[in-house]
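J.: Structure provided below as structure tokens; questions to follow.
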Amino acid sequence: MSTVIIGGGMIGVSIAYFLSANRANDEIHIIEQSPELFSSASGYAGGFLARDWFVPALASLGALSFDLHHQLATEHNGDKKWGFMKGNAFNLNPVSHQKDNRGAWVHEGGSRAEATASLSTSAEWPAWLTKQDGCILERINEGETVAQVDPLRLCQFLTNEARSRGVKLHNPAKATTIMKDGNEIVGVKIIDLESKEESVLPCTNLILSVGAWTPQVLRELFPTTRTSFDLSPLAGYSLVVRSPRYTLKNERITHGGRSHAVFTTYPPSCGFSPEFFTREGGEIYVAGYNPDLSLPSCVEDVHRLRDPAEMQKLKSVVICLLGDLTQGSESTDDVNVDDLEILREGLCFRPVSKKDVPTIGRIEDACLGDDMHANAGGVYIAAGHGPWGISLGLGTGKVVSEMIKGERTSADVRELVPVNN
């Protein structure tokens, strides 16, 4: 059996990782168009993990994926290899009451803190976060239910493990044509984007997991498909910074080796909901500014859209909330930011479904178009995870691999299957 996965991001490599376990005789191919692996959301995401912050349709998948993250880190020293840390989540200057708005916050530009229905409790202000007059910091998770990873290093680990089991990576390459024998799918023609050479990969199972570009790829390969798959590209700027107030000593002693995730709507003048995630190694990831940008035709064009003036909006928030107060000052107008080191600036697109849940499952043959049939296998979609791609990635990989193997899925994803018109 041959499986072709289009898309080499977190979802694609997770599928390859689980599918390649104990299946030495199967061919598994990953097709990735970008010359640089993980150059979009999988490499530039925050890496925040949650177990129970999801709408009911995603509750089972969220719990499975979180547990798989913990299991994988335990078995492979994930704390050192990709910075896996259990942690706590906080809401800064929260509203007076918490409403159950666990999907709508994405579309409304609100704070991710609305995704949890947990009760809030007062928390001690961490040393790396500048105190703000009139603001309250509250812990919003309960127990061991949130964690943190470096998504780039996690994706690199999954890819290396999959390739060590025989998974073949084609990059940079693009799938151009579905090959048929009569009406049955038998292969995928691809082109190497460097050598311009074409080849055909045998294909029993085809999986589309190209993030925000998935609808585009679906239309290109199946122009007459009757599958309804509507995603909106959510652009997001991010920064990775280093502060002398967040050090290895703080992590291991002051914070007990636990990460901090802080969600806020402060300062109100910024007009968006900043997010801060502390990472292993003294890094702080900052995001939350999501401008209205159109999705470019390919990943390589994303970085050309980065606007220094737009990035400055995020930097201004960093100055306000991470800058060190000048000695003897009680005003956040007087902060010292010379000690803040910017390590990386980023822009990426997340695939957000209008249904607030991803699409995961097999497309019915009758809806592929042109009386096309998937022979003994099938055509699958795994996309639309929005800001939760890293958190839900391992669970999605395991579930899709189980679907392909004909096994009962470890999570209930019946409400996530593709909708057929």
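Residue numbering restarts at 1 in every chain; chains get A, B, ... in the order shown in the structure tokens, and ligands count up from 1 in that same order.
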Excluding Gly378 of chain A and its own-chain neighbours fewer than 4 positions away, which residues fall within 7 Å of it when counting only C-alpha atoms? Please give them as a list in words.
T.: Thr204, Asn205, Leu206, Arg362 and Ala374 of chain A
J.: Output N, CA and C atoms for every residue in the selection just made, as a tab-separated table (two decimals), in the first residue's frame.
T.:
chain	number	residue	atom	x	y	z
A	204	THR	N	-2.29	4.67	-3.07
A	204	THR	CA	-3.51	4.02	-2.60
A	204	THR	C	-4.31	4.98	-1.73
A	205	ASN	N	-3.61	5.70	-0.88
A	205	ASN	CA	-4.23	6.71	-0.02
A	205	ASN	C	-3.58	8.06	-0.28
A	206	LEU	N	-4.42	9.07	-0.46
A	206	LEU	CA	-3.95	10.43	-0.67
A	206	LEU	C	-4.46	11.30	0.46
A	362	ARG	N	-12.22	11.06	5.46
A	362	ARG	CA	-12.19	10.61	4.07
A	362	ARG	C	-13.28	11.29	3.26
A	374	ALA	N	-11.32	5.96	-5.46
A	374	ALA	CA	-10.03	5.86	-4.79
A	374	ALA	C	-9.54	4.43	-4.65
J.: Measuring between only C-alpha atoms, which one of A:Gly236, A:Leu58, A:Gly47, A:Ser401 shows the shortest distance to Arg23 of chain A?
T.: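 Among the listed residues, A:Ser401 lies closest to Arg23 of chain A.
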J.: Which of segment 131-364 of chain A counts as strand (DSSP E) under DSSP, as a ChimeraX atom specification please?
T.: /A:137-139,146-148,168-170,173-181,184-192,198-202,205-208,227-228,231-242,259-264,275-279,283-289,324-325,335-336,341-353,359-363
J.: DSSP on the backbone: what in segment 115-306 of chain A comes out helix (DSSP H, G or I), as an MDAnalysis selection string?
T.: chainID A and resid 115 151:164 211:221 248:254 268:270 299:301 303:305
